[in-house]
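File shown: final26.tsv (TSV, C-alpha atoms and all ligand atoms).
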```
chain	number	residue	atom	x	y	z
A	219	MET	CA	-53.36	11.40	11.73
A	220	VAL	CA	-49.85	9.96	11.57
A	221	ASN	CA	-47.53	11.15	14.28
A	222	SER	CA	-44.95	13.08	12.27
A	223	LEU	CA	-42.15	12.31	14.68
A	224	ASP	CA	-42.79	8.57	14.31
A	225	SER	CA	-43.00	8.73	10.57
A	226	ASP	CA	-39.84	10.81	10.38
A	227	TYR	CA	-37.99	8.34	12.52
A	228	TYR	CA	-39.12	5.18	10.79
A	229	GLU	CA	-39.63	6.31	7.20
A	230	SER	CA	-37.08	9.02	6.63
A	231	GLU	CA	-34.84	8.27	3.66
A	232	ASP	CA	-32.02	9.82	5.57
A	233	PRO	CA	-32.00	8.06	8.92
A	234	VAL	CA	-29.75	9.09	11.75
A	235	TRP	CA	-26.95	6.58	11.29
A	236	ASN	CA	-23.80	6.74	13.32
A	237	PRO	CA	-21.58	9.12	11.30
A	238	ALA	CA	-18.75	6.61	11.74
A	239	LEU	CA	-20.45	4.57	9.02
A	240	LEU	CA	-19.43	7.27	6.54
A	241	THR	CA	-15.93	5.79	6.66
A	242	ILE	CA	-17.20	2.73	4.79
A	243	PRO	CA	-16.83	3.33	1.06
A	244	VAL	CA	-19.28	2.03	-1.52
A	245	PRO	CA	-17.45	-1.21	-2.22
A	246	GLY	CA	-15.90	-1.18	-5.70
A	247	ILE	CA	-16.35	-4.93	-5.85
A	248	ARG	CA	-20.11	-4.68	-5.30
A	249	LYS	CA	-20.49	-1.97	-7.97
A	250	MET	CA	-18.85	-4.19	-10.59
A	251	VAL	CA	-20.56	-7.40	-9.53
A	252	ASN	CA	-23.98	-5.69	-9.42
A	253	LEU	CA	-23.50	-4.35	-12.94
A	254	ALA	CA	-22.29	-7.76	-14.11
A	255	ALA	CA	-25.46	-9.32	-12.66
A	256	THR	CA	-27.52	-7.30	-15.15
A	257	MET	CA	-25.49	-8.62	-18.11
A	258	ASN	CA	-25.38	-11.93	-20.00
A	259	ASP	CA	-22.28	-14.00	-20.71
A	260	VAL	CA	-20.00	-12.43	-18.08
A	261	ILE	CA	-16.66	-14.03	-17.16
A	262	HIS	CA	-15.72	-13.24	-13.58
A	263	LEU	CA	-12.08	-12.54	-12.82
A	264	SER	CA	-13.39	-10.70	-9.78
A	265	ILE	CA	-14.10	-13.40	-7.22
A	266	GLY	CA	-12.26	-13.42	-3.90
A	267	GLN	CA	-13.12	-16.95	-2.82
A	268	PRO	CA	-11.97	-20.40	-3.94
A	269	ASP	CA	-13.93	-22.00	-6.79
A	270	ILE	CA	-12.95	-25.50	-5.62
A	271	PRO	CA	-15.47	-27.26	-3.32
A	272	ALA	CA	-14.55	-27.89	0.33
A	273	PRO	CA	-12.93	-31.32	0.85
A	274	PRO	CA	-15.34	-34.21	1.58
A	275	HIS	CA	-13.84	-35.02	5.03
A	276	VAL	CA	-14.59	-31.46	6.17
A	277	MET	CA	-18.12	-31.45	4.77
A	278	ASN	CA	-18.84	-34.86	6.27
A	279	ALA	CA	-17.59	-33.84	9.72
A	280	THR	CA	-19.86	-30.77	9.58
A	281	ILE	CA	-22.89	-32.83	8.57
A	282	ASP	CA	-22.09	-35.48	11.21
A	283	ALA	CA	-21.88	-32.77	13.87
A	284	LEU	CA	-25.30	-31.44	12.93
A	285	GLN	CA	-26.79	-34.91	12.89
A	286	ALA	CA	-25.28	-35.60	16.30
A	287	GLY	CA	-27.16	-32.57	17.62
A	288	GLN	CA	-24.28	-30.08	17.64
A	289	SER	CA	-26.52	-27.11	16.93
A	290	GLY	CA	-26.08	-25.16	20.16
A	291	TYR	CA	-23.59	-22.49	21.26
A	292	THR	CA	-20.00	-23.47	22.00
A	293	MET	CA	-17.82	-21.99	24.72
A	294	ASP	CA	-17.26	-18.29	23.90
A	295	ALA	CA	-13.59	-18.69	22.89
A	296	GLY	CA	-14.53	-21.55	20.57
A	297	LEU	CA	-15.11	-25.28	20.51
A	298	PRO	CA	-12.51	-26.74	22.93
A	299	GLU	CA	-11.59	-29.47	20.40
A	300	LEU	CA	-10.90	-26.82	17.75
A	301	LEU	CA	-8.89	-24.65	20.15
A	302	ASP	CA	-6.75	-27.68	21.04
A	303	ALA	CA	-6.27	-28.61	17.39
A	304	LEU	CA	-5.33	-25.02	16.45
A	305	ALA	CA	-2.89	-24.75	19.37
A	306	ASP	CA	-1.16	-27.99	18.34
A	307	TYR	CA	-1.13	-27.12	14.67
A	308	TYR	CA	0.25	-23.59	15.08
A	309	GLY	CA	2.61	-24.73	17.79
A	310	TYR	CA	4.06	-27.26	15.37
A	311	ARG	CA	4.21	-24.84	12.43
A	312	SER	CA	5.75	-21.94	14.31
A	313	GLY	CA	7.96	-23.92	16.67
A	314	ARG	CA	6.44	-21.95	19.56
A	315	PRO	CA	4.43	-23.58	22.34
A	316	LEU	CA	0.84	-22.33	22.24
A	317	THR	CA	-2.11	-23.16	24.46
A	318	PRO	CA	-5.84	-22.87	23.75
A	319	ASP	CA	-5.75	-19.68	25.87
A	320	ASN	CA	-3.77	-18.05	23.08
A	321	ILE	CA	-6.66	-18.48	20.62
A	322	ILE	CA	-10.15	-17.20	19.97
A	323	VAL	CA	-12.35	-18.71	17.26
A	324	THR	CA	-14.29	-16.09	15.30
A	325	THR	CA	-16.88	-15.81	12.55
A	326	GLY	CA	-14.32	-15.88	9.75
A	327	ALA	CA	-11.11	-13.89	9.75
A	328	THR	CA	-13.38	-10.90	9.19
A	329	GLU	CA	-14.61	-10.94	12.77
A	330	ALA	CA	-11.06	-11.31	14.09
A	331	ILE	CA	-9.98	-8.27	12.02
A	332	PHE	CA	-13.02	-6.38	13.28
A	333	LEU	CA	-12.27	-7.24	16.92
A	334	ALA	CA	-8.58	-6.33	16.64
A	335	LEU	CA	-9.04	-3.01	14.86
A	336	GLN	CA	-12.15	-1.86	16.71
A	337	ALA	CA	-10.61	-2.74	20.05
A	338	MET	CA	-7.43	-0.81	19.27
A	339	SER	CA	-8.41	2.16	17.18
A	340	ALA	CA	-8.99	5.45	18.99
A	341	PRO	CA	-8.65	9.15	18.12
A	342	GLY	CA	-5.03	10.13	17.63
A	343	ARG	CA	-3.69	6.62	17.29
A	344	GLU	CA	-1.89	5.88	14.04
A	345	PHE	CA	-2.00	2.61	12.12
A	346	ILE	CA	0.50	1.82	9.39
A	347	VAL	CA	-1.22	0.09	6.48
A	348	PRO	CA	0.34	-0.80	3.11
A	349	ASP	CA	-1.52	0.61	0.10
A	350	PRO	CA	-3.06	-1.23	-1.76
A	351	SER	CA	-4.51	-3.56	0.85
A	352	PHE	CA	-7.63	-5.59	1.66
A	353	MET	CA	-10.43	-3.04	1.92
A	354	LEU	CA	-11.61	-3.81	5.47
A	355	TYR	CA	-8.65	-2.41	7.39
A	356	THR	CA	-8.82	1.32	6.68
A	357	PRO	CA	-12.55	1.89	7.37
A	358	LEU	CA	-12.40	-0.14	10.61
A	359	ILE	CA	-9.52	2.02	11.83
A	360	ARG	CA	-11.13	5.32	10.78
A	361	MET	CA	-14.52	4.41	12.28
A	362	ASN	CA	-13.12	4.90	15.77
A	363	GLY	CA	-11.12	7.99	14.91
A	364	GLY	CA	-7.81	6.22	14.27
A	365	ILE	CA	-5.47	7.62	11.63
A	366	VAL	CA	-4.25	5.53	8.72
A	367	HIS	CA	-0.64	6.07	7.71
A	368	SER	CA	-0.40	4.49	4.25
A	369	ILE	CA	2.77	3.01	2.84
A	370	PRO	CA	2.41	3.13	-0.94
A	371	LEU	CA	3.62	-0.05	-2.62
A	372	ARG	CA	5.19	0.01	-6.07
A	373	ALA	CA	4.35	-2.15	-9.06
A	374	GLU	CA	7.96	-2.11	-10.31
A	375	ASN	CA	9.15	-4.20	-7.36
A	376	GLY	CA	6.21	-6.60	-7.35
A	377	TYR	CA	4.47	-4.64	-4.54
A	378	GLN	CA	7.04	-5.72	-1.98
A	379	LEU	CA	6.93	-3.83	1.31
A	380	ASP	CA	10.19	-2.08	2.15
A	381	PRO	CA	10.71	-2.72	5.88
A	382	GLN	CA	12.80	0.44	6.20
A	383	GLU	CA	9.86	2.52	4.92
A	384	VAL	CA	7.66	0.94	7.59
A	385	ILE	CA	10.26	1.58	10.30
A	386	ASP	CA	10.69	5.19	9.13
A	387	ALA	CA	6.91	5.64	9.36
A	388	MET	CA	6.83	4.52	13.01
A	389	GLY	CA	6.36	7.50	15.29
A	390	PRO	CA	5.25	8.32	18.82
A	391	ASN	CA	1.57	7.94	17.91
A	392	THR	CA	1.94	4.69	15.97
A	393	HIS	CA	-0.20	2.08	17.62
A	394	ALA	CA	-0.14	-0.81	15.18
A	395	ILE	CA	0.97	-2.06	11.78
A	396	VAL	CA	-1.34	-4.14	9.63
A	397	LEU	CA	0.35	-6.80	7.48
A	398	ASN	CA	-1.24	-9.16	4.97
A	399	SER	CA	1.09	-11.63	3.28
A	400	PRO	CA	0.44	-13.04	0.77
A	401	SER	CA	-1.60	-10.00	-0.07
A	402	ASN	CA	-5.04	-9.39	-1.37
A	403	PRO	CA	-5.00	-7.68	-3.95
A	404	THR	CA	-1.41	-8.26	-5.16
A	405	GLY	CA	-0.53	-11.89	-4.26
A	406	THR	CA	2.84	-10.65	-2.97
A	407	LEU	CA	4.57	-12.77	-0.33
A	408	TYR	CA	6.84	-10.87	2.07
A	409	PRO	CA	10.13	-12.64	2.76
A	410	ARG	CA	11.18	-13.57	6.28
A	411	SER	CA	13.68	-10.69	6.35
A	412	THR	CA	10.86	-8.15	5.84
A	413	ILE	CA	8.61	-9.65	8.52
A	414	GLU	CA	11.46	-10.04	11.01
A	415	ALA	CA	12.69	-6.47	10.56
A	416	ILE	CA	9.21	-5.01	11.07
A	417	VAL	CA	8.23	-7.27	13.97
A	418	GLU	CA	11.53	-6.71	15.78
A	419	GLU	CA	11.40	-2.92	15.53
A	420	ALA	CA	7.69	-2.84	16.41
A	421	ALA	CA	8.28	-4.94	19.53
A	422	PHE	CA	11.15	-2.66	20.56
A	423	ARG	CA	8.85	0.36	20.32
A	424	GLY	CA	5.77	-1.30	21.83
A	425	ILE	CA	3.85	-1.15	18.55
A	426	TYR	CA	1.43	-3.97	17.69
A	427	VAL	CA	1.64	-6.05	14.53
A	428	ILE	CA	-1.71	-7.32	13.30
A	429	SER	CA	-1.03	-9.96	10.68
A	430	ASP	CA	-3.80	-11.17	8.39
A	431	GLU	CA	-2.56	-14.58	7.22
A	432	VAL	CA	-5.67	-15.99	5.53
A	433	TYR	CA	-3.66	-17.00	2.43
A	434	ASP	CA	-0.87	-18.69	4.41
A	435	HIS	CA	-1.32	-22.00	2.56
A	436	LEU	CA	-1.62	-20.51	-0.90
A	437	ILE	CA	2.12	-20.19	-1.48
A	438	TYR	CA	3.61	-21.28	-4.80
A	439	ASP	CA	6.94	-22.65	-6.01
A	440	ASP	CA	7.67	-24.37	-2.67
A	441	GLN	CA	8.54	-21.10	-0.99
A	442	GLU	CA	8.57	-21.07	2.81
A	443	TYR	CA	5.84	-19.13	4.60
A	444	PRO	CA	7.21	-16.74	7.22
A	445	SER	CA	4.30	-16.25	9.59
A	446	VAL	CA	4.62	-13.41	12.08
A	447	LEU	CA	4.27	-16.17	14.70
A	448	SER	CA	7.63	-17.59	13.66
A	449	CYS	CA	9.32	-14.18	13.55
A	450	CYS	CA	8.50	-12.76	17.00
A	451	SER	CA	10.28	-13.39	20.27
A	452	ASP	CA	7.03	-13.28	22.29
A	453	LEU	CA	3.34	-12.71	21.68
A	454	ASP	CA	3.09	-9.44	23.61
A	455	HIS	CA	2.67	-7.27	20.53
A	456	VAL	CA	1.37	-9.55	17.82
A	457	MET	CA	-2.07	-10.65	16.70
A	458	VAL	CA	-2.12	-13.30	13.99
A	459	ILE	CA	-5.40	-13.80	12.17
A	460	SER	CA	-6.41	-16.55	9.79
A	461	SER	CA	-9.33	-18.76	8.79
A	462	PHE	CA	-10.40	-21.89	6.94
A	463	SER	CA	-12.02	-19.81	4.18
A	464	LYS	CA	-9.25	-19.92	1.58
A	465	THR	CA	-7.21	-22.99	2.56
A	466	PHE	CA	-10.18	-25.34	2.72
A	467	SER	CA	-12.69	-23.54	0.49
A	468	MET	CA	-14.84	-22.88	3.57
A	469	ALA	CA	-15.57	-19.18	3.00
A	470	GLY	CA	-19.31	-19.56	3.59
A	471	MET	CA	-18.79	-21.70	6.67
A	472	ARG	CA	-17.34	-18.66	8.47
A	473	ILE	CA	-14.68	-20.03	10.81
A	474	GLY	CA	-11.62	-17.93	11.56
A	475	TRP	CA	-9.41	-17.20	14.57
A	476	MET	CA	-6.90	-14.96	16.20
A	477	ILE	CA	-3.71	-16.02	17.97
A	478	ALA	CA	-2.32	-13.59	20.53
A	479	SER	CA	-1.10	-13.33	24.11
A	480	GLN	CA	-3.40	-14.83	26.74
A	481	GLY	CA	-4.09	-11.33	28.13
A	482	HIS	CA	-5.25	-10.03	24.77
A	483	ILE	CA	-7.39	-13.08	24.08
A	484	LYS	CA	-9.05	-12.71	27.48
A	485	LYS	CA	-10.04	-9.11	26.70
A	486	LEU	CA	-11.16	-9.88	23.16
A	487	ARG	CA	-13.35	-12.76	24.37
A	488	ARG	CA	-15.52	-10.19	26.14
A	489	PHE	CA	-15.81	-8.11	22.97
A	490	HIS	CA	-16.55	-11.25	20.92
A	491	MET	CA	-19.41	-12.15	23.30
A	492	PHE	CA	-20.93	-8.76	22.54
A	493	THR	CA	-20.57	-9.07	18.76
A	494	THR	CA	-21.23	-12.58	17.43
A	495	THR	CA	-21.28	-14.55	20.74
A	496	VAL	CA	-19.71	-17.67	19.22
A	497	ALA	CA	-18.77	-18.97	15.79
A	498	ASN	CA	-20.87	-21.50	13.89
A	499	THR	CA	-20.82	-24.77	15.85
A	500	PRO	CA	-21.13	-27.54	13.20
A	501	CYS	CA	-18.59	-25.76	10.98
A	502	GLN	CA	-16.12	-25.66	13.88
A	503	TRP	CA	-16.35	-29.46	13.84
A	504	GLY	CA	-15.59	-29.30	10.12
A	505	GLY	CA	-12.50	-27.29	11.08
A	506	VAL	CA	-11.44	-29.93	13.61
A	507	ALA	CA	-11.54	-32.51	10.79
A	508	ALA	CA	-9.52	-30.17	8.54
A	509	LEU	CA	-6.77	-29.94	11.16
A	510	LEU	CA	-6.77	-33.50	12.47
A	511	GLN	CA	-7.25	-35.54	9.31
A	512	ARG	CA	-3.89	-34.33	8.10
A	513	GLU	CA	-3.25	-36.69	5.26
A	514	LEU	CA	-6.55	-35.91	3.57
A	515	SER	CA	-6.05	-32.19	4.17
A	516	ASP	CA	-2.46	-32.19	2.90
A	517	ASN	CA	-3.59	-33.95	-0.28
A	518	PHE	CA	-6.39	-31.44	-0.76
A	519	ILE	CA	-4.01	-28.50	-0.33
A	520	LYS	CA	-1.45	-30.07	-2.67
A	521	GLY	CA	-4.07	-30.56	-5.41
A	522	MET	CA	-5.32	-27.01	-4.94
A	523	LEU	CA	-1.80	-25.57	-5.18
A	524	GLU	CA	-1.10	-27.52	-8.37
A	525	GLU	CA	-4.27	-26.14	-9.92
A	526	TYR	CA	-3.67	-22.53	-8.82
A	527	THR	CA	-0.04	-22.70	-9.95
A	528	LYS	CA	-1.12	-23.69	-13.49
A	529	ARG	CA	-3.61	-20.85	-13.56
A	530	ARG	CA	-1.16	-18.31	-12.20
A	531	ASP	CA	1.51	-19.26	-14.73
A	532	ARG	CA	-0.91	-19.03	-17.64
A	533	LEU	CA	-2.35	-15.75	-16.37
A	534	VAL	CA	1.12	-14.22	-16.11
A	535	GLU	CA	1.76	-15.21	-19.77
A	536	LEU	CA	-1.58	-13.80	-20.90
A	537	VAL	CA	-1.08	-10.51	-19.05
A	538	ASN	CA	2.36	-10.20	-20.66
A	539	GLN	CA	0.70	-10.57	-24.07
A	540	THR	CA	-1.90	-7.88	-23.29
A	541	PRO	CA	-1.21	-4.37	-24.61
A	542	HIS	CA	-1.21	-1.65	-21.90
A	543	LEU	CA	-1.02	-4.13	-19.02
A	544	THR	CA	2.19	-4.70	-17.04
A	545	GLY	CA	2.28	-7.78	-14.86
A	546	TYR	CA	4.69	-9.66	-12.57
A	547	LYS	CA	4.73	-13.10	-11.00
A	548	PRO	CA	2.79	-13.19	-7.71
A	549	GLU	CA	4.03	-15.73	-5.15
A	550	GLY	CA	0.78	-16.43	-3.32
A	551	ALA	CA	-3.01	-16.06	-2.91
A	552	PHE	CA	-5.00	-16.06	-6.19
A	553	TYR	CA	-4.68	-12.48	-7.39
A	554	LEU	CA	-2.64	-10.49	-9.86
A	555	PHE	CA	-2.66	-6.69	-9.79
A	556	PRO	CA	-1.38	-5.59	-13.21
A	557	SER	CA	-0.81	-1.90	-13.93
A	558	LEU	CA	-2.19	0.23	-16.69
A	559	PRO	CA	-0.09	3.11	-18.07
A	560	ALA	CA	0.50	5.93	-15.54
A	561	GLY	CA	-2.45	8.30	-15.26
A	562	VAL	CA	-5.00	5.88	-16.73
A	563	ASN	CA	-8.03	5.48	-14.49
A	564	GLY	CA	-8.48	1.80	-13.58
A	565	THR	CA	-12.12	2.29	-12.58
A	566	ASN	CA	-13.02	3.58	-16.04
A	567	VAL	CA	-11.06	0.81	-17.72
A	568	ALA	CA	-12.61	-1.95	-15.57
A	569	LEU	CA	-16.13	-0.58	-16.14
A	570	ARG	CA	-15.71	-0.18	-19.90
A	571	MET	CA	-14.04	-3.55	-20.19
A	572	LEU	CA	-16.98	-5.16	-18.38
A	573	LYS	CA	-19.54	-3.39	-20.56
A	574	GLU	CA	-17.71	-3.98	-23.84
A	575	THR	CA	-16.18	-7.45	-23.35
A	576	GLY	CA	-18.19	-8.99	-20.51
A	577	VAL	CA	-15.05	-9.61	-18.42
A	578	CYS	CA	-15.42	-8.51	-14.80
A	579	THR	CA	-12.29	-7.40	-12.92
A	580	ILE	CA	-11.96	-5.06	-9.94
A	581	ALA	CA	-10.57	-1.52	-10.15
A	582	GLY	CA	-7.35	-0.89	-8.23
A	583	ASP	CA	-8.73	2.04	-6.23
A	584	THR	CA	-11.02	-0.38	-4.38
A	585	PHE	CA	-7.89	-1.26	-2.37
A	586	GLY	CA	-6.49	2.18	-1.61
A	587	ASP	CA	-5.56	5.55	-3.03
A	588	ALA	CA	-2.01	4.93	-4.22
A	589	LEU	CA	-2.61	2.89	-7.37
A	590	SER	CA	-5.68	3.92	-9.30
A	591	ASN	CA	-4.03	2.78	-12.58
A	592	ALA	CA	-4.35	-0.92	-11.79
A	593	ILE	CA	-6.94	-3.66	-11.87
A	594	ARG	CA	-7.23	-6.76	-9.72
A	595	ILE	CA	-7.58	-10.05	-11.55
A	596	SER	CA	-8.56	-13.14	-9.56
A	597	TYR	CA	-7.61	-16.54	-10.89
A	598	SER	CA	-10.03	-18.34	-8.65
A	599	THR	CA	-11.77	-19.52	-11.79
A	600	SER	CA	-11.14	-22.27	-14.34
A	601	LEU	CA	-8.30	-22.17	-16.89
A	602	ASP	CA	-10.97	-22.24	-19.62
A	603	ASN	CA	-12.54	-19.08	-18.20
A	604	ILE	CA	-9.13	-17.42	-17.97
A	605	GLU	CA	-8.38	-18.30	-21.64
A	606	GLU	CA	-11.78	-17.06	-22.82
A	607	ALA	CA	-11.48	-13.85	-20.78
A	608	PHE	CA	-8.15	-12.99	-22.41
A	609	ALA	CA	-9.42	-13.96	-25.85
A	610	ARG	CA	-11.75	-11.00	-25.28
A	611	ILE	CA	-9.44	-8.66	-23.34
A	612	ILE	CA	-6.39	-8.76	-25.66
A	613	PRO	CA	-8.14	-7.55	-28.86
A	614	TRP	CA	-10.10	-4.99	-26.82
A	615	MET	CA	-6.92	-3.61	-25.24
A	616	LYS	CA	-5.29	-3.38	-28.71
A	617	GLU	CA	-8.03	-0.96	-29.72
A	618	GLN	CA	-7.54	1.32	-26.70
A	619	ASP	CA	-5.63	4.53	-27.08
A	620	PHE	CA	-4.63	5.74	-23.62
A	621	GLY	CA	-2.80	8.72	-25.17
B	701	LIG	C1	-6.86	-10.55	3.04
B	701	LIG	C2	-8.17	-11.08	3.49
B	701	LIG	N1	-8.45	-11.13	4.81
B	701	LIG	C3	-9.61	-11.61	5.26
B	701	LIG	C4	-10.58	-12.06	4.39
B	701	LIG	C5	-11.88	-12.56	4.94
B	701	LIG	O1	-11.75	-13.89	5.32
B	701	LIG	P1	-12.93	-14.69	6.03
B	701	LIG	O2	-13.77	-15.31	4.94
B	701	LIG	O3	-12.25	-15.73	6.82
B	701	LIG	O4	-13.70	-13.74	6.86
B	701	LIG	C6	-10.35	-12.02	3.01
B	701	LIG	C7	-11.38	-12.45	2.06
B	701	LIG	O5	-11.36	-12.18	0.88
B	701	LIG	C8	-9.11	-11.53	2.54
B	701	LIG	O6	-8.81	-11.47	1.24
```

Before anything else, please render the file you have as structure tokens.
Amino acid sequence: MVNSLDSDYYESEDPVWNPALLTIPVPGIRKMVNLAATMNDVIHLSIGQPDIPAPPHVMNATIDALQAGQSGYTMDAGLPELLDALADYYGYRSGRPLTPDNIIVTTGATEAIFLALQAMSAPGREFIVPDPSFMLYTPLIRMNGGIVHSIPLRAENGYQLDPQEVIDAMGPNTHAIVLNSPSNPTGTLYPRSTIEAIVEEAAFRGIYVISDEVYDHLIYDDQEYPSVLSCCSDLDHVMVISSFSKTFSMAGMRIGWMIASQGHIKKLRRFHMFTTTVANTPCQWGGVAALLQRELSDNFIKGMLEEYTKRRDRLVELVNQTPHLTGYKPEGAFYLFPSLPAGVNGTNVALRMLKETGVCTIAGDTFGDALSNAIRISYSTSLDNIEEAFARIIPWMKEQDFG
């Protein structure tokens, strides 16, 4: 006879998960992509990773590392050569002296975001998060009982964040502000004045700024990139997160990092040892090549920016020609977040559009509650795909009557 307790424990369809996991929504992206996988002839405007292969010098350095036997663990904070290269590189870019002790190498920016938010969130603590935003932040805060104070962004001003709204939202329980510029899902780049105003007021009040800067090299029209690192007077209250995923098309190689005060890095190293231990060793060598072989890397980034700029410009034109969609010109990343008429449900539109035209986009409410009448379009796909997608979307939209 089977022991009923054992069978309940191992076979129950409703296992006893930690209730904190209920804060994780069914990802809107997965729903769409899973449905698309059952269909033929789908064009994806849904992908959040570069479609360009990683540069050869990075791939070769990774392969060389493996062949040289670099398949063991690194030091917990990261490969010393990568920490040195990151410290030099960020020191140069931000004009602020940094040492390897200011850095921890993580399994993608995702692990750095996880470490920062899980280490900080606690019942009663408030976190200011723009809405819409990358979907990881809110669940990671709520999992530990933290409270999310959303700042709704508005389509009519290109989803810019009003620093005064952020400052007005700061209260006695505010623990941290999460920034992501340029933004996923909107591609909006915050100007230096916005970052400076927020960082300055936050430092004055002892509030942390966690800045997700994974798209810091995907900036168009020669605009300057104001990293939080170049807008703060010290590192006491800032955590800057980035990775190689987007800049060097290394998303699957999983190398990211956080830059913060030495005290914070010391504490987070302990947490990191209890989560992923270390990041992928051969790919950290790939990262060293990305940072040190500057000429090759600069050429790669330049080529990538030229390609994305062409796509963005064409996408903006196509969205402007599409009935019921209102666009704008995003300054960075590879996303556009056009609006549908007020009150129209973006989830329904994205689902019907996928089923009826075979074009896969992502519904706006995947990224927050404020803007359900929007869809996210990624232009991390070829110009041909973008043209073909809109050759289907425009006539389909003409037929829609959103009343
Ligand atoms: C804003 C943002 N942050 C972080 C990530 C995750 O980056 P990584 O691949 O380095 O974990 C993504 C990936 O889409 C992103 O869009």

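Between ligand LIG 701 (chain B) and the candidates A:Leu263, A:Ala295, A:Val234, A:Leu397, the tightest atom-to-atom separation, counting all atoms listed in the file, involves A:Leu397.
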
Got a sec to check which residues lie within 10 Å of ligand LIG 701 (chain B), using all atoms listed in the file, and send them as a PyMOL selection string? chain A and resi 265-268+324-332+351-355+397-403+405+429-433+459-465+467-475+551-553

Between A:Ala421, A:Glu549, A:Ser445, A:Glu414, which residue has the minimum interatomic distance to Gly309 (chain A), considering only C-alpha atoms? A:Ser445

Just the residues within 12 Å of Gln378 (chain A), please, counting all atoms listed in the file, with nothing from its chain fewer than 3 positions along; format it as an NGL selection string. :A and (348-350 or 369-375 or 381-384 or 397-401 or 404-409 or 411-413 or 546-549)

Neighbours of region 390-394 of chain A within 7 Å (all atoms listed in the file; same-chain residues fewer than 4 positions away dropped), as a ChimeraX atom specification? /A:342-346,425-428
